[in-house]
file entry_22.txt (compact mmCIF, N, CA and C atoms)
# COMPACT_ATOMS: atom_id res chain seq x y z
N MET A 216 -60.24 297.05 90.91
CA MET A 216 -60.11 297.17 89.47
C MET A 216 -59.32 296.01 88.89
N VAL A 217 -58.27 295.58 89.61
CA VAL A 217 -57.45 294.46 89.15
C VAL A 217 -58.28 293.18 89.11
N ASP A 218 -59.18 293.01 90.05
CA ASP A 218 -60.04 291.83 90.09
C ASP A 218 -60.96 291.79 88.87
N VAL A 219 -61.46 292.93 88.45
CA VAL A 219 -62.36 292.99 87.30
C VAL A 219 -61.60 292.65 86.02
N ILE A 220 -60.40 293.18 85.89
CA ILE A 220 -59.59 292.89 84.70
C ILE A 220 -59.23 291.40 84.66
N THR A 221 -58.86 290.85 85.80
CA THR A 221 -58.55 289.42 85.86
C THR A 221 -59.78 288.58 85.54
N LEU A 222 -60.93 289.00 86.05
CA LEU A 222 -62.17 288.30 85.79
C LEU A 222 -62.53 288.32 84.31
N LEU A 223 -62.21 289.38 83.61
CA LEU A 223 -62.51 289.48 82.18
C LEU A 223 -61.46 288.80 81.31
N LEU A 224 -60.20 288.86 81.70
CA LEU A 224 -59.14 288.31 80.86
C LEU A 224 -58.92 286.81 81.03
N ALA A 225 -59.31 286.23 82.15
CA ALA A 225 -59.10 284.80 82.39
C ALA A 225 -59.85 283.93 81.37
N PRO A 226 -61.14 284.19 81.08
CA PRO A 226 -61.82 283.38 80.07
C PRO A 226 -61.24 283.57 78.67
N VAL A 227 -60.81 284.79 78.36
CA VAL A 227 -60.20 285.04 77.04
C VAL A 227 -58.90 284.26 76.91
N ALA A 228 -58.07 284.31 77.96
CA ALA A 228 -56.82 283.56 77.94
C ALA A 228 -57.09 282.05 77.87
N GLY A 229 -58.09 281.58 78.57
CA GLY A 229 -58.46 280.16 78.50
C GLY A 229 -58.93 279.76 77.12
N PHE A 230 -59.71 280.63 76.48
CA PHE A 230 -60.19 280.34 75.12
C PHE A 230 -59.04 280.24 74.14
N PHE A 231 -58.12 281.21 74.18
CA PHE A 231 -56.99 281.19 73.25
C PHE A 231 -56.04 280.02 73.55
N THR A 232 -55.92 279.65 74.81
CA THR A 232 -55.10 278.49 75.15
C THR A 232 -55.72 277.22 74.60
N ALA A 233 -57.04 277.07 74.75
CA ALA A 233 -57.72 275.90 74.21
C ALA A 233 -57.63 275.86 72.69
N LEU A 234 -57.76 277.01 72.05
CA LEU A 234 -57.64 277.08 70.60
C LEU A 234 -56.23 276.71 70.15
N TRP A 235 -55.23 277.19 70.86
CA TRP A 235 -53.83 276.88 70.54
C TRP A 235 -53.56 275.38 70.69
N LEU A 236 -54.05 274.77 71.79
CA LEU A 236 -53.87 273.34 71.98
C LEU A 236 -54.59 272.53 70.92
N LEU A 237 -55.77 272.97 70.50
CA LEU A 237 -56.50 272.29 69.44
C LEU A 237 -55.74 272.35 68.13
N LEU A 238 -55.18 273.50 67.82
CA LEU A 238 -54.39 273.62 66.59
C LEU A 238 -53.14 272.77 66.64
N LEU A 239 -52.50 272.69 67.79
CA LEU A 239 -51.33 271.82 67.92
C LEU A 239 -51.72 270.35 67.74
N TRP A 240 -52.85 269.97 68.31
CA TRP A 240 -53.29 268.58 68.24
C TRP A 240 -53.69 268.20 66.82
N VAL A 241 -54.44 269.05 66.15
CA VAL A 241 -54.88 268.76 64.78
C VAL A 241 -53.72 268.91 63.82
N GLY A 242 -52.88 269.88 64.00
CA GLY A 242 -51.77 270.10 63.10
C GLY A 242 -50.74 269.01 63.15
N ASP A 243 -50.63 268.29 64.25
CA ASP A 243 -49.65 267.22 64.38
C ASP A 243 -50.10 265.96 63.65
N GLY A 244 -51.36 265.85 63.28
CA GLY A 244 -51.87 264.65 62.62
C GLY A 244 -51.31 264.43 61.24
N GLY A 245 -50.85 265.46 60.57
CA GLY A 245 -50.33 265.31 59.22
C GLY A 245 -48.87 264.93 59.16
N SER A 246 -48.23 264.71 60.30
CA SER A 246 -46.80 264.42 60.30
C SER A 246 -46.49 262.93 60.26
N VAL A 247 -47.47 262.07 60.04
CA VAL A 247 -47.23 260.64 59.95
C VAL A 247 -46.51 260.34 58.65
N SER A 248 -45.49 259.49 58.71
CA SER A 248 -44.72 259.18 57.52
C SER A 248 -45.55 258.38 56.53
N ALA A 249 -45.10 258.36 55.28
CA ALA A 249 -45.84 257.68 54.23
C ALA A 249 -45.77 256.17 54.37
N GLY A 250 -44.77 255.66 55.06
CA GLY A 250 -44.62 254.22 55.24
C GLY A 250 -45.52 253.69 56.34
N GLU A 251 -45.29 252.44 56.67
CA GLU A 251 -46.09 251.79 57.71
C GLU A 251 -45.70 252.36 59.07
N ASP A 252 -46.68 252.70 59.88
CA ASP A 252 -46.35 253.28 61.17
C ASP A 252 -45.95 252.19 62.16
N ASP A 253 -45.28 252.61 63.24
CA ASP A 253 -44.74 251.67 64.21
C ASP A 253 -45.83 250.89 64.94
N LEU A 254 -46.96 251.52 65.19
CA LEU A 254 -48.03 250.83 65.89
C LEU A 254 -48.57 249.66 65.07
N ALA A 255 -48.77 249.87 63.78
CA ALA A 255 -49.27 248.78 62.94
C ALA A 255 -48.26 247.65 62.87
N MET A 256 -46.97 247.98 62.78
CA MET A 256 -45.96 246.94 62.74
C MET A 256 -45.91 246.19 64.06
N PHE A 257 -46.05 246.90 65.18
CA PHE A 257 -46.04 246.24 66.48
C PHE A 257 -47.26 245.33 66.66
N LEU A 258 -48.41 245.78 66.21
CA LEU A 258 -49.61 244.95 66.35
C LEU A 258 -49.53 243.70 65.49
N ARG A 259 -48.87 243.79 64.35
CA ARG A 259 -48.75 242.63 63.49
C ARG A 259 -47.65 241.67 63.97
N HIS A 260 -46.53 242.21 64.45
CA HIS A 260 -45.40 241.40 64.92
C HIS A 260 -44.87 241.96 66.23
N PRO A 261 -45.54 241.71 67.36
CA PRO A 261 -45.11 242.33 68.61
C PRO A 261 -43.74 241.85 69.08
N ASP A 262 -43.32 240.65 68.69
CA ASP A 262 -42.04 240.14 69.13
C ASP A 262 -40.90 240.51 68.19
N ARG A 263 -41.21 241.14 67.05
CA ARG A 263 -40.18 241.47 66.07
C ARG A 263 -40.15 242.95 65.74
N LEU A 264 -40.48 243.79 66.66
CA LEU A 264 -40.48 245.23 66.41
C LEU A 264 -39.08 245.70 66.08
N GLY A 265 -38.90 246.25 64.91
CA GLY A 265 -37.61 246.74 64.49
C GLY A 265 -36.72 245.70 63.86
N ALA A 266 -37.12 244.45 63.82
CA ALA A 266 -36.28 243.40 63.26
C ALA A 266 -36.19 243.51 61.74
N ASP A 267 -37.19 244.08 61.10
CA ASP A 267 -37.16 244.23 59.65
C ASP A 267 -36.22 245.35 59.22
N GLU A 268 -35.88 246.24 60.13
CA GLU A 268 -35.03 247.37 59.82
C GLU A 268 -33.77 247.30 60.67
N PRO A 269 -32.74 246.62 60.18
CA PRO A 269 -31.55 246.48 61.02
C PRO A 269 -30.84 247.79 61.28
N ALA A 270 -31.04 248.78 60.44
CA ALA A 270 -30.37 250.07 60.65
C ALA A 270 -31.16 250.99 61.57
N SER A 271 -32.27 250.50 62.14
CA SER A 271 -33.11 251.36 62.96
C SER A 271 -32.50 251.64 64.33
N GLY A 272 -31.55 250.82 64.78
CA GLY A 272 -30.94 251.04 66.08
C GLY A 272 -31.70 250.40 67.21
N PHE A 273 -32.69 249.57 66.90
CA PHE A 273 -33.48 248.91 67.93
C PHE A 273 -33.14 247.43 67.93
N VAL A 274 -32.66 246.92 69.03
CA VAL A 274 -32.30 245.50 69.16
C VAL A 274 -33.26 244.88 70.16
N THR A 275 -33.95 243.84 69.74
CA THR A 275 -34.90 243.19 70.65
C THR A 275 -34.17 242.27 71.61
N MET A 276 -34.69 242.20 72.81
CA MET A 276 -34.12 241.32 73.82
C MET A 276 -34.60 239.89 73.54
N PRO A 277 -33.73 238.91 73.64
CA PRO A 277 -34.14 237.53 73.38
C PRO A 277 -35.23 237.07 74.34
N ASN A 278 -36.08 236.19 73.86
CA ASN A 278 -37.19 235.70 74.68
C ASN A 278 -36.76 234.69 75.74
N HIS A 279 -35.58 234.09 75.59
CA HIS A 279 -35.17 233.05 76.53
C HIS A 279 -34.67 233.61 77.86
N LEU A 280 -34.52 234.91 77.97
CA LEU A 280 -34.07 235.51 79.22
C LEU A 280 -35.26 235.64 80.17
N SER A 281 -35.14 235.00 81.33
CA SER A 281 -36.30 234.99 82.23
C SER A 281 -36.02 235.71 83.55
N THR A 282 -34.81 235.67 84.05
CA THR A 282 -34.53 236.32 85.33
C THR A 282 -33.86 237.66 85.10
N ALA A 283 -33.87 238.47 86.13
CA ALA A 283 -33.25 239.79 86.03
C ALA A 283 -31.74 239.68 85.85
N ASP A 284 -31.13 238.69 86.49
CA ASP A 284 -29.68 238.50 86.34
C ASP A 284 -29.31 238.14 84.91
N GLU A 285 -30.11 237.29 84.27
CA GLU A 285 -29.85 236.94 82.87
C GLU A 285 -29.99 238.15 81.97
N MET A 286 -31.00 238.99 82.24
CA MET A 286 -31.20 240.18 81.42
C MET A 286 -30.06 241.17 81.59
N VAL A 287 -29.62 241.39 82.82
CA VAL A 287 -28.51 242.30 83.07
C VAL A 287 -27.24 241.76 82.42
N ASP A 288 -27.02 240.46 82.53
CA ASP A 288 -25.85 239.84 81.90
C ASP A 288 -25.89 240.04 80.39
N TRP A 289 -27.05 239.84 79.78
CA TRP A 289 -27.18 240.04 78.33
C TRP A 289 -26.97 241.51 77.96
N LEU A 290 -27.53 242.41 78.77
CA LEU A 290 -27.40 243.84 78.48
C LEU A 290 -25.96 244.32 78.59
N THR A 291 -25.18 243.75 79.51
CA THR A 291 -23.81 244.23 79.71
C THR A 291 -22.79 243.51 78.85
N LYS A 292 -23.07 242.28 78.41
CA LYS A 292 -22.07 241.53 77.65
C LYS A 292 -22.43 241.40 76.17
N ASP A 293 -23.64 240.97 75.86
CA ASP A 293 -23.99 240.67 74.47
C ASP A 293 -24.49 241.89 73.70
N LEU A 294 -25.25 242.75 74.33
CA LEU A 294 -25.81 243.91 73.63
C LEU A 294 -24.73 244.85 73.09
N PRO A 295 -23.67 245.15 73.84
CA PRO A 295 -22.63 246.01 73.25
C PRO A 295 -21.98 245.39 72.02
N LYS A 296 -21.87 244.05 71.98
CA LYS A 296 -21.31 243.39 70.80
C LYS A 296 -22.23 243.56 69.60
N LEU A 297 -23.55 243.49 69.84
CA LEU A 297 -24.51 243.61 68.75
C LEU A 297 -24.57 245.04 68.23
N THR A 298 -24.41 246.01 69.11
CA THR A 298 -24.55 247.41 68.69
C THR A 298 -23.24 248.06 68.27
N ALA A 299 -22.11 247.35 68.43
CA ALA A 299 -20.82 247.94 68.10
C ALA A 299 -20.69 248.28 66.62
N GLY A 300 -21.28 247.47 65.76
CA GLY A 300 -21.15 247.68 64.33
C GLY A 300 -22.20 248.60 63.74
N MET A 301 -23.14 249.06 64.54
CA MET A 301 -24.21 249.92 64.01
C MET A 301 -23.67 251.32 63.74
N SER A 302 -24.09 251.88 62.65
CA SER A 302 -23.68 253.25 62.35
C SER A 302 -24.57 254.22 63.08
N GLY A 303 -23.98 255.27 63.59
CA GLY A 303 -24.75 256.28 64.30
C GLY A 303 -25.16 255.89 65.69
N SER A 304 -24.53 254.86 66.26
CA SER A 304 -24.90 254.46 67.61
C SER A 304 -24.35 255.46 68.62
N ARG A 305 -25.08 255.65 69.69
CA ARG A 305 -24.67 256.57 70.74
C ARG A 305 -23.75 255.82 71.70
N ALA A 306 -22.59 256.32 71.90
CA ALA A 306 -21.65 255.65 72.81
C ALA A 306 -21.45 256.44 74.06
call {"tool": "encode", "arguments": {"input": "entry_22.txt", "output": "structure tokens"}}
result
Amino acid sequence: MVDVITLLLAPVAGFFTALWLLLLWVGDGGSVSAGEDDLAMFLRHPDRLGADEPASGFVTMPNHLSTADEMVDWLTKDLPKLTAGMSGSRA
């Protein structure tokens, strides 16, 4: 008897799960902000993402850093200096 109930309820549960996921997927489409989205800004200026918004909390890494040691050095010495004055920064 348990097998019959499972056999009947599994497709129903799958249908409602698919319907729920569809509603989540479609319902999330209206949450895009009225301004320019990040993808369009990145496609137009891939090297300057976030540079137009200094209060965004995103600091781009300089292009002249080529080795891992230079990047780590920049991350540990220069980046904290750049982010120290930002409001709302996570410390």
call {"tool": "atom_distance", "arguments": {"input": "entry_22.txt", "atom1": "CA of Leu238 (chain A)", "atom2": "CA of Val219 (chain A)"}}
result
29.5 Å
call {"tool": "atom_distance", "arguments": {"input": "entry_22.txt", "atom1": "CA of Thr275 (chain A)", "atom2": "CA of Leu297 (chain A)"}}
result
10.6 Å
call {"tool": "atom_distance", "arguments": {"input": "entry_22.txt", "atom1": "atom N of Ile220 (chain A)", "atom2": "atom N of Leu239 (chain A)"}}
result
28.5 Å
